[in-house]
Amino acid sequence: MPEPMIKGAVIRDFVEWYGERYGVDAVRRLGEKLPSPMQAMIDLDDPAFKLLGSSWYPARLVHAMLDVHAADKTPQEMARFLHEANRGFVKHGATKSVYRVFLKKLVTPELYALCVPRFWRQWHSTGERRMKIVRKGLAESYVAKWPGHHPHLCTMTIETMCAVFETMGCSGVTWERVTCVFDGANECKTIVSWR
């Protein structure tokens with residue numbers, strides 16, 4: 001099986017947000033703490049590691065970045081970080097310009113649910129993602145067959161989805177993880193609710 005890959009644009013957007021939030025020196029420190037094979041994939045002298053938006057990078061690079069950041073954090077601090085990171089990074093990168101207008105003006109939760117598999121394939125080389133609207137204000141999200149899974153990246157996926165719902169104008173967005181591959185399940189299942 002080929003190595004799981006993630007599109008450079010989404011990683012770069014995260015690194016740029018990280019630099020805005022913690023400073024350019026923090027980005028460099030993050031890079032310096034990565035294992036040597038991961039350091040070889042980035043440019044420590046560039047504030048966004050010179051990640052190319054159109055290129056694909058091994059998922060293990062993102063896993064390592066998240067592990068480095070989590071090393072001195074409590075689970076609660078890491079949960080807050082992932083929540084904040086995804087709100088910031090969705091606002092900053094993944095949905096800027098035309099995408100933000102598209103989400104705010106045209107997309108409904110039902111349409112988003114239909115588009116989720118396609119969005120997933122734009123950012124991940126492996127895994128299958130689907131979403132089902134159960135009723136107004138309630139959806140189920142699934143990710144399966146994802147060898148690029150990582151506990152923090154799994155939470156980032158959930159938080160990104162919630163940030164997109166908020167961008168669409170949904171309020172009171174909350175989520176509950178039902179199953180996770182990390183805990184031995186066959187797929188990750190999350191319930192998302194909103195008003």
# chains A, B, ... in the order shown; residues from 1 in each chain; ligands from 1

call {"tool": "residues_around", "arguments": {"residues": "range 151-167 of chain A", "least_positions_apart": "4", "cutoff": "10 Å", "atoms": "only C-alpha atoms", "output": "PyMOL selection string"}}
result
chain A and resi 59+62-63+66-67+70+78-79+81-91+94-95+100-105+107-109+112+116+120+141-143+171-177+180-183+188-194

call {"tool": "closest_residue", "arguments": {"among": "A:Ile6, A:Asp46, A:Glu140, A:Ala64", "to": "Lys33 in chain A", "atoms": "only C-alpha atoms"}}
result
A:Ala64

call {"tool": "select_by_dssp", "arguments": {"residues": "range 4-187 of chain A", "states": "helix (DSSP H, G or I)", "output": "VMD selection string"}}
result
chain A and resid 8 to 22 24 to 32 36 to 39 59 to 70 75 to 94 98 to 105 109 to 123 151 to 167 181 to 183

call {"tool": "residues_around", "arguments": {"residues": "Met65 in chain A", "least_positions_apart": "4", "cutoff": "9 Å", "atoms": "only C-alpha atoms", "output": "list in words"}}
result
Leu30, Gly31, Lys33, Leu34, Arg60, Leu61, His69 and Ala70 of chain A

call {"tool": "write_last_selection", "arguments": {"atoms": "C-alpha atoms", "output": "mmCIF file, in the first residue's frame"}}
result
data_model
loop_
_atom_site.group_PDB
_atom_site.id
_atom_site.type_symbol
_atom_site.label_atom_id
_atom_site.label_comp_id
_atom_site.auth_asym_id
_atom_site.auth_seq_id
_atom_site.Cartn_x
_atom_site.Cartn_y
_atom_site.Cartn_z
ATOM 1 C CA LEU A 30 8.590 23.125 15.957
ATOM 2 C CA GLY A 31 10.600 22.180 12.882
ATOM 3 C CA LYS A 33 12.113 19.222 17.160
ATOM 4 C CA LEU A 34 10.913 17.056 14.285
ATOM 5 C CA ARG A 60 3.777 11.180 9.038
ATOM 6 C CA LEU A 61 5.108 14.754 8.673
ATOM 7 C CA HIS A 69 3.327 20.357 19.784
ATOM 8 C CA ALA A 70 1.462 17.945 22.087
#

call {"tool": "closest_residue", "arguments": {"among": "A:Glu16, A:Glu3, A:Asp45, A:Glu187", "to": "Pro58 in chain A", "atoms": "only C-alpha atoms"}}
result
A:Glu3

call {"tool": "residues_around", "arguments": {"residues": "Arg28 in chain A", "least_positions_apart": "4", "cutoff": "12 Å", "atoms": "only C-alpha atoms", "output": "PyMOL selection string"}}
result
chain A and resi 15-16+18-19+22-24+32-34+39+42-50+65

call {"tool": "write_last_selection", "arguments": {"atoms": "C-alpha atoms", "output": "compact mmCIF listing (two decimals), in the first residue's frame"}}
result
# COMPACT_ATOMS: atom_id res chain seq x y z
CA VAL A 15 1.91 26.17 9.56
CA GLU A 16 1.11 29.75 8.53
CA TYR A 18 0.77 28.43 13.72
CA GLY A 19 3.25 31.20 12.92
CA TYR A 22 2.80 31.62 18.20
CA GLY A 23 5.35 33.55 16.15
CA VAL A 24 7.88 32.69 13.47
CA GLU A 32 13.82 21.74 14.86
CA LYS A 33 12.11 19.22 17.16
CA LEU A 34 10.91 17.06 14.28
CA GLN A 39 13.29 17.87 8.88
CA ILE A 42 11.03 21.14 5.09
CA ASP A 43 13.06 24.36 5.02
CA LEU A 44 13.61 25.55 8.60
CA ASP A 45 14.57 29.02 7.35
CA ASP A 46 11.16 29.59 5.73
CA PRO A 47 8.22 30.71 7.95
CA ALA A 48 5.96 28.16 6.20
CA PHE A 49 8.72 25.50 5.82
CA LYS A 50 8.60 26.14 2.02
CA MET A 65 4.26 18.15 13.94

call {"tool": "closest_residue", "arguments": {"among": "A:Leu111, A:Met41, A:Asn186, A:Arg121", "to": "Met168 in chain A", "atoms": "only C-alpha atoms"}}
result
A:Leu111

call {"tool": "residues_around", "arguments": {"residues": "Pro117 in chain A", "least_positions_apart": "6", "cutoff": "8 Å", "atoms": "only C-alpha atoms", "output": "MDAnalysis selection string"}}
result
chainID A and resid 128:130

call {"tool": "write_last_selection", "arguments": {"atoms": "C-alpha atoms", "output": "PDB file, in the first residue's frame"}}
result
ATOM      1  CA  GLU A 128     -12.886   7.187   2.742  1.00  0.00           C
ATOM      2  CA  ARG A 129     -14.970   9.961   4.259  1.00  0.00           C
ATOM      3  CA  ARG A 130     -18.720  10.280   4.236  1.00  0.00           C
TER       4      ARG A 130
END

call {"tool": "select_by_dssp", "arguments": {"residues": "range 85-159 of chain A", "states": "strand (DSSP E)", "output": "ChimeraX atom specification"}}
result
/A:128-135,138-144

call {"tool": "atom_distance", "arguments": {"atom1": "CA of Gly127 in chain A", "atom2": "CA of Ala144 in chain A"}}
result
5.7 Å

call {"tool": "atom_distance", "arguments": {"atom1": "CA of Ala26 in chain A", "atom2": "CA of Ala9 in chain A"}}
result
20.0 Å
